[in-house]
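coords.txt follows (compact mmCIF, C-alpha atoms and all ligand atoms):
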```txt
# COMPACT_ATOMS: atom_id res chain seq x y z
CA MET A 1002 -10.45 -11.14 16.72
CA ASN A 1003 -7.58 -8.80 15.90
CA PRO A 1004 -6.80 -5.93 18.27
CA PRO A 1005 -7.52 -2.46 16.83
CA PRO A 1006 -4.92 -1.14 14.39
CA THR A 1007 -2.05 0.74 16.00
CA ILE A 1008 0.10 3.54 14.62
CA ARG A 1009 3.80 3.14 15.33
CA PRO A 1010 7.08 4.53 14.00
CA MET A 1011 8.22 2.89 10.77
CA THR A 1012 11.43 0.86 10.76
CA PRO A 1013 13.58 -0.28 7.81
CA ALA A 1014 12.01 -3.75 8.25
CA ASP A 1015 8.63 -2.23 7.23
CA TRP A 1016 9.98 -1.02 3.89
CA PRO A 1017 9.08 -4.10 1.77
CA ALA A 1018 5.42 -3.83 2.82
CA VAL A 1019 5.35 -0.07 2.27
CA TRP A 1020 7.08 -0.37 -1.12
CA ALA A 1021 4.56 -3.02 -2.21
CA LEU A 1022 1.69 -0.71 -1.27
CA PHE A 1023 3.39 2.27 -2.93
CA ARG A 1024 3.80 0.31 -6.18
CA GLU A 1025 0.17 -0.77 -6.12
CA VAL A 1026 -1.07 2.79 -5.62
CA ALA A 1027 1.37 4.21 -8.19
CA ALA A 1028 0.40 1.61 -10.80
CA ALA A 1029 -3.30 2.48 -10.50
CA GLY A 1030 -2.52 5.90 -11.99
CA ASP A 1031 -5.31 7.73 -10.21
CA VAL A 1032 -3.80 9.58 -7.23
CA PHE A 1033 0.00 9.84 -7.37
CA ALA A 1034 2.29 11.57 -9.81
CA TYR A 1035 4.66 8.71 -9.01
CA ASP A 1036 4.01 5.94 -11.55
CA GLU A 1037 5.07 2.36 -12.18
CA HIS A 1038 8.51 3.59 -13.37
CA THR A 1039 9.34 5.31 -10.07
CA PRO A 1040 12.66 3.92 -8.78
CA GLU A 1041 12.57 2.28 -5.38
CA GLU A 1042 15.17 4.70 -3.98
CA VAL A 1043 13.06 7.71 -4.96
CA ALA A 1044 10.11 6.27 -3.06
CA ARG A 1045 12.25 5.19 -0.10
CA ALA A 1046 13.59 8.73 0.32
CA LEU A 1047 10.06 9.99 1.03
CA TRP A 1048 10.04 7.99 4.28
CA PHE A 1049 13.77 7.80 5.06
CA GLY A 1050 15.34 10.84 3.36
CA PRO A 1051 16.80 13.84 5.22
CA GLY A 1052 14.30 15.30 7.69
CA ALA A 1053 11.66 12.64 6.98
CA VAL A 1054 9.84 10.58 9.60
CA GLY A 1055 7.61 7.62 8.80
CA TYR A 1056 4.84 5.79 10.62
CA VAL A 1057 2.88 2.65 9.82
CA VAL A 1058 -0.53 1.37 10.82
CA GLU A 1059 -0.30 -2.23 11.91
CA SER A 1060 -3.24 -4.58 12.18
CA GLY A 1061 -2.89 -8.25 13.05
CA GLY A 1062 0.86 -8.07 12.37
CA GLU A 1063 0.33 -6.61 8.87
CA VAL A 1064 1.14 -3.11 7.65
CA VAL A 1065 -2.19 -1.72 6.40
CA GLY A 1066 -1.29 1.95 6.18
CA THR A 1067 1.57 4.36 6.29
CA TYR A 1068 2.47 8.02 6.17
CA PHE A 1069 5.52 10.24 6.12
CA VAL A 1070 6.12 13.81 7.26
CA ARG A 1071 9.01 15.80 5.83
CA PRO A 1072 9.89 19.40 5.04
CA ALA A 1073 7.87 20.72 2.12
CA GLN A 1074 10.86 22.77 0.98
CA PRO A 1075 14.56 23.02 1.89
CA GLY A 1076 16.16 25.90 3.76
CA ARG A 1077 13.85 28.88 4.24
CA GLY A 1078 10.77 26.79 3.47
CA ASN A 1079 11.48 24.01 5.91
CA HIS A 1080 9.13 25.25 8.63
CA VAL A 1081 6.22 23.96 6.54
CA ALA A 1082 5.70 20.20 6.54
CA ASN A 1083 4.55 17.98 3.72
CA ALA A 1084 3.03 14.55 4.28
CA GLY A 1085 1.88 11.57 2.23
CA TYR A 1086 -0.52 8.80 3.24
CA MET A 1087 -1.56 5.39 1.90
CA VAL A 1088 -4.03 2.82 3.18
CA ALA A 1089 -4.12 -0.74 1.81
CA PRO A 1090 -7.21 -1.21 -0.40
CA ALA A 1091 -8.72 -3.87 1.90
CA ALA A 1092 -8.42 -1.56 4.92
CA ARG A 1093 -9.98 1.57 3.38
CA GLY A 1094 -13.16 3.19 4.58
CA ARG A 1095 -12.54 2.45 8.26
CA GLY A 1096 -11.12 5.77 9.33
CA LEU A 1097 -7.44 4.86 9.12
CA ALA A 1098 -6.49 7.83 6.93
CA SER A 1099 -8.34 10.08 9.30
CA ARG A 1100 -6.44 8.64 12.28
CA MET A 1101 -3.12 8.96 10.44
CA CYS A 1102 -3.89 12.54 9.45
CA GLY A 1103 -4.58 13.54 13.07
CA HIS A 1104 -1.49 11.67 14.22
CA SER A 1105 0.69 13.31 11.58
CA LEU A 1106 -0.48 16.78 12.61
CA ASP A 1107 0.60 16.04 16.19
CA VAL A 1108 3.93 14.66 14.98
CA ALA A 1109 4.53 17.73 12.80
CA ARG A 1110 3.69 20.07 15.69
CA ARG A 1111 6.07 18.20 17.97
CA LEU A 1112 8.80 18.49 15.35
CA GLY A 1113 8.33 22.26 15.34
CA TYR A 1114 6.66 22.74 11.97
CA ARG A 1115 4.38 25.78 11.68
CA ALA A 1116 2.06 24.50 8.98
CA MET A 1117 1.29 21.53 6.76
CA GLN A 1118 0.95 21.70 2.99
CA TYR A 1119 -0.18 19.04 0.53
CA VAL A 1120 1.11 20.06 -2.86
CA PHE A 1121 -0.45 17.60 -5.31
CA VAL A 1122 -3.88 16.34 -4.23
CA VAL A 1123 -5.64 14.98 -7.29
CA SER A 1124 -9.01 16.74 -7.42
CA THR A 1125 -10.88 13.51 -8.26
CA ASN A 1126 -9.50 11.79 -5.12
CA ALA A 1127 -12.72 12.45 -3.20
CA ALA A 1128 -11.90 10.30 -0.15
CA ALA A 1129 -8.58 12.12 0.34
CA VAL A 1130 -10.06 15.61 -0.11
CA ARG A 1131 -12.83 14.72 2.36
CA VAL A 1132 -10.38 13.49 5.04
CA TRP A 1133 -8.03 16.45 4.66
CA GLU A 1134 -10.90 18.97 4.83
CA LYS A 1135 -12.26 17.25 7.95
CA HIS A 1136 -8.84 17.83 9.51
CA GLY A 1137 -8.86 21.53 8.83
CA PHE A 1138 -7.10 21.75 5.48
CA ALA A 1139 -8.31 24.35 3.01
CA VAL A 1140 -7.84 24.32 -0.74
CA VAL A 1141 -5.54 27.28 -1.35
CA GLY A 1142 -4.78 26.57 -4.98
CA ARG A 1143 -5.89 24.63 -8.00
CA VAL A 1144 -3.57 23.70 -10.86
CA PRO A 1145 -5.53 23.07 -14.07
CA GLY A 1146 -4.89 19.70 -15.74
CA ALA A 1147 -1.71 19.01 -13.74
CA PHE A 1148 -2.40 15.28 -13.42
CA ARG A 1149 -2.78 12.73 -16.24
CA HIS A 1150 -5.36 10.44 -14.64
CA ALA A 1151 -5.27 6.88 -15.99
CA ALA A 1152 -9.05 6.84 -16.48
CA HIS A 1153 -10.13 10.50 -16.76
CA GLY A 1154 -7.26 12.11 -18.65
CA LEU A 1155 -6.16 15.59 -17.55
CA VAL A 1156 -7.57 16.54 -14.15
CA ASP A 1157 -6.78 19.41 -11.78
CA THR A 1158 -4.62 19.10 -8.68
CA LEU A 1159 -5.16 20.94 -5.42
CA VAL A 1160 -2.79 22.62 -3.02
CA MET A 1161 -4.17 22.10 0.50
CA TYR A 1162 -2.90 23.86 3.59
CA ARG A 1163 -3.43 24.36 7.29
CA GLU A 1164 -1.55 26.02 10.10
CA LEU A 1165 -0.47 23.89 13.03
C1 LIG B 1201 -7.24 8.40 0.34
C2 LIG B 1201 -7.02 7.29 1.37
C3 LIG B 1201 -5.72 7.55 2.11
C4 LIG B 1201 -8.22 7.29 2.34
O1 LIG B 1201 -8.01 6.26 3.31
P1 LIG B 1201 -9.19 5.66 4.19
O2 LIG B 1201 -8.58 4.97 5.36
O3 LIG B 1201 -10.13 4.88 3.34
O4 LIG B 1201 -9.93 7.00 4.67
P2 LIG B 1201 -10.97 7.16 5.86
O5 LIG B 1201 -11.68 5.85 6.06
O6 LIG B 1201 -10.26 7.75 7.03
O7 LIG B 1201 -11.95 8.30 5.34
C5 LIG B 1201 -12.47 8.24 4.04
C6 LIG B 1201 -13.55 9.31 3.94
O8 LIG B 1201 -13.83 9.56 2.57
C7 LIG B 1201 -15.18 9.27 2.32
N1 LIG B 1201 -15.22 8.74 0.95
C8 LIG B 1201 -14.74 7.57 0.49
N2 LIG B 1201 -14.96 7.48 -0.83
C9 LIG B 1201 -15.56 8.64 -1.19
C10 LIG B 1201 -16.02 9.15 -2.43
N3 LIG B 1201 -15.89 8.46 -3.56
N4 LIG B 1201 -16.58 10.38 -2.43
C11 LIG B 1201 -16.70 11.10 -1.29
N5 LIG B 1201 -16.28 10.67 -0.09
C12 LIG B 1201 -15.72 9.44 -0.06
C13 LIG B 1201 -15.60 8.28 3.37
O9 LIG B 1201 -16.99 8.28 3.57
C14 LIG B 1201 -14.85 8.86 4.57
O10 LIG B 1201 -15.46 10.02 5.07
P3 LIG B 1201 -16.33 9.95 6.44
O11 LIG B 1201 -15.39 9.47 7.51
O12 LIG B 1201 -16.76 11.36 6.65
O13 LIG B 1201 -17.43 8.99 6.18
C15 LIG B 1201 -6.99 5.89 0.68
O14 LIG B 1201 -8.09 5.76 -0.18
C16 LIG B 1201 -5.71 5.63 -0.10
O15 LIG B 1201 -4.71 5.13 0.43
N6 LIG B 1201 -5.72 5.98 -1.41
C17 LIG B 1201 -4.52 5.82 -2.22
C18 LIG B 1201 -3.41 6.79 -1.79
C19 LIG B 1201 -3.89 8.22 -1.69
O16 LIG B 1201 -4.79 8.64 -2.40
N7 LIG B 1201 -3.28 8.98 -0.79
C20 LIG B 1201 -3.61 10.36 -0.58
C21 LIG B 1201 -3.01 11.21 -1.64
S1 LIG B 1201 -3.47 12.95 -1.44
```
Kindly return the structure encoded in the file as structure tokens.
Amino acid sequence: MNPPPTIRPMTPADWPAVWALFREVAAAGDVFAYDEHTPEEVARALWFGPGAVGYVVESGGEVVGTYFVRPAQPGRGNHVANAGYMVAPAARGRGLASRMCGHSLDVARRLGYRAMQYVFVVSTNAAAVRVWEKHGFAVVGRVPGAFRHAAHGLVDTLVMYREL
């Protein structure tokens, strides 16, 4: 039996696995603005760009989840963190996003951020909204029709926020 999944800092060697997961999620067209045309370097910068830190969830030697934390804005907005999370489809529904969310809040606090803001949560992404609300995030804004969902057409996006 595999040991329980562990969260550890991401290294460049993890990138191929994370990029494969990113492409899979992007291609589904249901939760990310990033789509199948997103260049690899644009995605890579989310985890490895200036100010960004990345973590992966490893289970049985495989990357089954990942997240990044980075400044939501440059300069005078860089005390607020942004983060993004993905769990491999086969590993969903086992609390990994919830663990990553809690972990990322600790990481952000340690890095000195004052708050965390998710800027583009697709309103139909019920699992994500549930996990973020459980971790103390509130919906502070709703942008009508901001996402072109592959199955549902125009759907709203949410801005979610919590202090740290
Ligand atoms: C969203 C995502 C990160 C969740 O990962 P996960 O590891 O399955 O999440 P968890 O197991 O920690 O928690 C899922 C929660 O949502 C609930 N849930 C799942 N599907 C649901 C649905 N359709 N409606 C309502 N709640 C749902 C689960 O019951 C669980 O809540 P509970 O712990 O109170 O029972 C994962 O689905 C994913 O990677 N999706 C693609 C990328 C993405 O959407 N990222 C977030 C962008 S904001």
Output as JSON lines one row per residue of chain A within 7 Å of ligand LIG 1201 (chain B): the closest atom pair and its distance in Å to one decimal place, counting all atoms listed in the file, sorted by chain and residue number ascending.
```
{"residue": "A:Val1026", "atom": "CA", "partner": "B:LIG1201", "partner_atom": "C17", "distance": 5.7}
{"residue": "A:Val1032", "atom": "CA", "partner": "B:LIG1201", "partner_atom": "O16", "distance": 5.0}
{"residue": "A:Phe1033", "atom": "CA", "partner": "B:LIG1201", "partner_atom": "C21", "distance": 6.6}
{"residue": "A:Gly1085", "atom": "CA", "partner": "B:LIG1201", "partner_atom": "C21", "distance": 6.2}
{"residue": "A:Tyr1086", "atom": "CA", "partner": "B:LIG1201", "partner_atom": "N7", "distance": 4.9}
{"residue": "A:Met1087", "atom": "CA", "partner": "B:LIG1201", "partner_atom": "O15", "distance": 3.5}
{"residue": "A:Val1088", "atom": "CA", "partner": "B:LIG1201", "partner_atom": "O15", "distance": 3.7}
{"residue": "A:Ala1089", "atom": "CA", "partner": "B:LIG1201", "partner_atom": "O15", "distance": 6.1}
{"residue": "A:Pro1090", "atom": "CA", "partner": "B:LIG1201", "partner_atom": "O15", "distance": 6.9}
{"residue": "A:Ala1092", "atom": "CA", "partner": "B:LIG1201", "partner_atom": "O2", "distance": 6.5}
{"residue": "A:Arg1093", "atom": "CA", "partner": "B:LIG1201", "partner_atom": "O3", "distance": 3.3}
{"residue": "A:Gly1094", "atom": "CA", "partner": "B:LIG1201", "partner_atom": "O5", "distance": 3.4}
{"residue": "A:Arg1095", "atom": "CA", "partner": "B:LIG1201", "partner_atom": "O5", "distance": 4.1}
{"residue": "A:Gly1096", "atom": "CA", "partner": "B:LIG1201", "partner_atom": "O6", "distance": 3.2}
{"residue": "A:Leu1097", "atom": "CA", "partner": "B:LIG1201", "partner_atom": "O2", "distance": 3.9}
{"residue": "A:Ala1098", "atom": "CA", "partner": "B:LIG1201", "partner_atom": "O6", "distance": 3.8}
{"residue": "A:Ser1099", "atom": "CA", "partner": "B:LIG1201", "partner_atom": "O6", "distance": 3.8}
{"residue": "A:Arg1100", "atom": "CA", "partner": "B:LIG1201", "partner_atom": "O6", "distance": 6.6}
{"residue": "A:Phe1121", "atom": "CA", "partner": "B:LIG1201", "partner_atom": "S1", "distance": 6.8}
{"residue": "A:Val1122", "atom": "CA", "partner": "B:LIG1201", "partner_atom": "S1", "distance": 4.4}
{"residue": "A:Val1123", "atom": "CA", "partner": "B:LIG1201", "partner_atom": "S1", "distance": 6.6}
{"residue": "A:Asn1126", "atom": "CA", "partner": "B:LIG1201", "partner_atom": "O16", "distance": 6.3}
{"residue": "A:Ala1127", "atom": "CA", "partner": "B:LIG1201", "partner_atom": "N4", "distance": 4.4}
{"residue": "A:Ala1128", "atom": "CA", "partner": "B:LIG1201", "partner_atom": "O8", "distance": 3.4}
{"residue": "A:Ala1129", "atom": "CA", "partner": "B:LIG1201", "partner_atom": "C1", "distance": 4.0}
{"residue": "A:Arg1131", "atom": "CA", "partner": "B:LIG1201", "partner_atom": "O8", "distance": 5.3}
{"residue": "A:Val1132", "atom": "CA", "partner": "B:LIG1201", "partner_atom": "C6", "distance": 5.4}
```
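The two atoms in question, atom CA of Met1011 of chain A and atom CA of Arg1110 of chain A, are spaced 18.4 Å apart.
Nearest to Phe1138 of chain A of all the residues A:Gly1103, A:Gly1113, A:Pro1017, A:Gly1154 is A:Gly1103, based on all atoms listed in the file.
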Between atom CA of Pro1072 of chain A and atom CA of Thr1158 of chain A, distance in Å (one decimal): 20.0 Å
Leaving out Pro1004 of chain A and any residue of its chain fewer than 6 positions from it, which residues lie within 10 Å of it when counting all atoms listed in the file, given as an mmCIF file with C-alpha atoms, in the frame of the given file?
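Result file part25.cif:
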```cif
data_model
loop_
_atom_site.group_PDB
_atom_site.id
_atom_site.type_symbol
_atom_site.label_atom_id
_atom_site.label_comp_id
_atom_site.auth_asym_id
_atom_site.auth_seq_id
_atom_site.Cartn_x
_atom_site.Cartn_y
_atom_site.Cartn_z
ATOM 1 C CA GLU A 1059 -0.300 -2.230 11.910
ATOM 2 C CA SER A 1060 -3.240 -4.580 12.180
ATOM 3 C CA GLY A 1061 -2.890 -8.250 13.050
ATOM 4 C CA GLY A 1062 0.860 -8.070 12.370
#
```
Between atom CA of Glu1037 of chain A and atom CA of Arg1024 of chain A, what is the distance in Å, rounded to a tenth?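 Computing the Euclidean distance for atom CA of Glu1037 of chain A and atom CA of Arg1024 of chain A yields 6.5 Å.
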Ranking A:Ala1034, A:Val1058, A:Ala1082, A:Trp1048 by minimum distance to Val1156 of chain A and counting all atoms listed in the file, which one comes first?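 Selected residue with least distance to Val1156 of chain A: A:Ala1034.
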Given the choices A:Gly1137, A:Pro1145, A:Pro1075, A:Gly1066, which gets closest to Pro1010 of chain A if the distance is worked out from all atoms listed in the file?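 That would be A:Gly1066, the residue with the smallest distance to Pro1010 of chain A.
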Kindly indicate which residue among A:Ala1021, A:Val1043, A:Ala1091, A:Leu1106 lies nearest to Val1070 of chain A, using only C-alpha atoms for the distances. A:Leu1106
Can you fill out segment 1104-1134 of chain A with N, CA and C atoms and hand it back as a PDB file, in the frame of the given file?
```pdb
ATOM      1  N   HIS A1104      -2.773  12.060  13.623  1.00  0.00           N
ATOM      2  CA  HIS A1104      -1.490  11.670  14.220  1.00  0.00           C
ATOM      3  C   HIS A1104      -0.354  12.478  13.592  1.00  0.00           C
ATOM      4  N   SER A1105      -0.400  12.619  12.276  1.00  0.00           N
ATOM      5  CA  SER A1105       0.690  13.310  11.580  1.00  0.00           C
ATOM      6  C   SER A1105       0.730  14.802  11.941  1.00  0.00           C
ATOM      7  N   LEU A1106      -0.451  15.368  12.205  1.00  0.00           N
ATOM      8  CA  LEU A1106      -0.480  16.780  12.610  1.00  0.00           C
ATOM      9  C   LEU A1106       0.187  16.949  13.967  1.00  0.00           C
ATOM     10  N   ASP A1107      -0.071  15.996  14.876  1.00  0.00           N
ATOM     11  CA  ASP A1107       0.600  16.040  16.190  1.00  0.00           C
ATOM     12  C   ASP A1107       2.107  15.867  16.038  1.00  0.00           C
ATOM     13  N   VAL A1108       2.498  14.910  15.198  1.00  0.00           N
ATOM     14  CA  VAL A1108       3.930  14.660  14.980  1.00  0.00           C
ATOM     15  C   VAL A1108       4.593  15.934  14.425  1.00  0.00           C
ATOM     16  N   ALA A1109       3.951  16.537  13.431  1.00  0.00           N
ATOM     17  CA  ALA A1109       4.530  17.730  12.800  1.00  0.00           C
ATOM     18  C   ALA A1109       4.667  18.874  13.811  1.00  0.00           C
ATOM     19  N   ARG A1110       3.638  19.030  14.646  1.00  0.00           N
ATOM     20  CA  ARG A1110       3.690  20.070  15.690  1.00  0.00           C
ATOM     21  C   ARG A1110       4.869  19.825  16.622  1.00  0.00           C
ATOM     22  N   ARG A1111       4.981  18.553  17.057  1.00  0.00           N
ATOM     23  CA  ARG A1111       6.070  18.200  17.970  1.00  0.00           C
ATOM     24  C   ARG A1111       7.436  18.449  17.351  1.00  0.00           C
ATOM     25  N   LEU A1112       7.519  18.280  16.029  1.00  0.00           N
ATOM     26  CA  LEU A1112       8.800  18.490  15.350  1.00  0.00           C
ATOM     27  C   LEU A1112       9.077  19.976  15.100  1.00  0.00           C
ATOM     28  N   GLY A1113       8.101  20.817  15.439  1.00  0.00           N
ATOM     29  CA  GLY A1113       8.330  22.260  15.340  1.00  0.00           C
ATOM     30  C   GLY A1113       7.865  22.897  14.054  1.00  0.00           C
ATOM     31  N   TYR A1114       7.182  22.132  13.203  1.00  0.00           N
ATOM     32  CA  TYR A1114       6.660  22.740  11.970  1.00  0.00           C
ATOM     33  C   TYR A1114       5.563  23.738  12.316  1.00  0.00           C
ATOM     34  N   ARG A1115       5.388  24.742  11.455  1.00  0.00           N
ATOM     35  CA  ARG A1115       4.380  25.780  11.680  1.00  0.00           C
ATOM     36  C   ARG A1115       3.086  25.537  10.893  1.00  0.00           C
ATOM     37  N   ALA A1116       3.214  24.726   9.853  1.00  0.00           N
ATOM     38  CA  ALA A1116       2.060  24.500   8.980  1.00  0.00           C
ATOM     39  C   ALA A1116       2.273  23.202   8.219  1.00  0.00           C
ATOM     40  N   MET A1117       1.198  22.727   7.603  1.00  0.00           N
ATOM     41  CA  MET A1117       1.290  21.530   6.760  1.00  0.00           C
ATOM     42  C   MET A1117       0.697  21.852   5.390  1.00  0.00           C
ATOM     43  N   GLN A1118       1.368  21.398   4.363  1.00  0.00           N
ATOM     44  CA  GLN A1118       0.950  21.700   2.990  1.00  0.00           C
ATOM     45  C   GLN A1118       0.961  20.413   2.166  1.00  0.00           C
ATOM     46  N   TYR A1119      -0.161  20.129   1.504  1.00  0.00           N
ATOM     47  CA  TYR A1119      -0.180  19.040   0.530  1.00  0.00           C
ATOM     48  C   TYR A1119      -0.113  19.694  -0.847  1.00  0.00           C
ATOM     49  N   VAL A1120       0.846  19.293  -1.635  1.00  0.00           N
ATOM     50  CA  VAL A1120       1.110  20.060  -2.860  1.00  0.00           C
ATOM     51  C   VAL A1120       0.475  19.477  -4.115  1.00  0.00           C
ATOM     52  N   PHE A1121      -0.001  18.239  -4.054  1.00  0.00           N
ATOM     53  CA  PHE A1121      -0.450  17.600  -5.310  1.00  0.00           C
ATOM     54  C   PHE A1121      -1.590  16.626  -5.018  1.00  0.00           C
ATOM     55  N   VAL A1122      -2.712  17.176  -4.508  1.00  0.00           N
ATOM     56  CA  VAL A1122      -3.880  16.340  -4.230  1.00  0.00           C
ATOM     57  C   VAL A1122      -4.718  16.290  -5.504  1.00  0.00           C
ATOM     58  N   VAL A1123      -4.878  15.112  -6.047  1.00  0.00           N
ATOM     59  CA  VAL A1123      -5.640  14.980  -7.290  1.00  0.00           C
ATOM     60  C   VAL A1123      -7.110  15.285  -6.995  1.00  0.00           C
ATOM     61  N   SER A1124      -7.685  16.200  -7.766  1.00  0.00           N
ATOM     62  CA  SER A1124      -9.010  16.740  -7.420  1.00  0.00           C
ATOM     63  C   SER A1124     -10.100  15.665  -7.450  1.00  0.00           C
ATOM     64  N   THR A1125      -9.882  14.585  -8.197  1.00  0.00           N
ATOM     65  CA  THR A1125     -10.880  13.510  -8.260  1.00  0.00           C
ATOM     66  C   THR A1125     -10.743  12.513  -7.102  1.00  0.00           C
ATOM     67  N   ASN A1126      -9.736  12.697  -6.261  1.00  0.00           N
ATOM     68  CA  ASN A1126      -9.500  11.790  -5.120  1.00  0.00           C
ATOM     69  C   ASN A1126     -10.406  12.223  -3.963  1.00  0.00           C
ATOM     70  N   ALA A1127     -11.706  11.901  -4.111  1.00  0.00           N
ATOM     71  CA  ALA A1127     -12.720  12.450  -3.200  1.00  0.00           C
ATOM     72  C   ALA A1127     -12.497  12.024  -1.755  1.00  0.00           C
ATOM     73  N   ALA A1128     -12.095  10.764  -1.535  1.00  0.00           N
ATOM     74  CA  ALA A1128     -11.900  10.300  -0.150  1.00  0.00           C
ATOM     75  C   ALA A1128     -10.784  11.124   0.505  1.00  0.00           C
ATOM     76  N   ALA A1129      -9.697  11.352  -0.231  1.00  0.00           N
ATOM     77  CA  ALA A1129      -8.580  12.120   0.340  1.00  0.00           C
ATOM     78  C   ALA A1129      -9.018  13.555   0.642  1.00  0.00           C
ATOM     79  N   VAL A1130      -9.653  14.212  -0.311  1.00  0.00           N
ATOM     80  CA  VAL A1130     -10.060  15.610  -0.110  1.00  0.00           C
ATOM     81  C   VAL A1130     -10.992  15.705   1.104  1.00  0.00           C
ATOM     82  N   ARG A1131     -11.882  14.722   1.225  1.00  0.00           N
ATOM     83  CA  ARG A1131     -12.830  14.720   2.360  1.00  0.00           C
ATOM     84  C   ARG A1131     -12.063  14.625   3.691  1.00  0.00           C
ATOM     85  N   VAL A1132     -11.114  13.679   3.766  1.00  0.00           N
ATOM     86  CA  VAL A1132     -10.380  13.490   5.040  1.00  0.00           C
ATOM     87  C   VAL A1132      -9.578  14.738   5.358  1.00  0.00           C
ATOM     88  N   TRP A1133      -8.886  15.286   4.371  1.00  0.00           N
ATOM     89  CA  TRP A1133      -8.030  16.450   4.660  1.00  0.00           C
ATOM     90  C   TRP A1133      -8.893  17.647   5.093  1.00  0.00           C
ATOM     91  N   GLU A1134     -10.033  17.839   4.429  1.00  0.00           N
ATOM     92  CA  GLU A1134     -10.900  18.970   4.830  1.00  0.00           C
ATOM     93  C   GLU A1134     -11.433  18.777   6.245  1.00  0.00           C
TER      94      GLU A1134
END
```
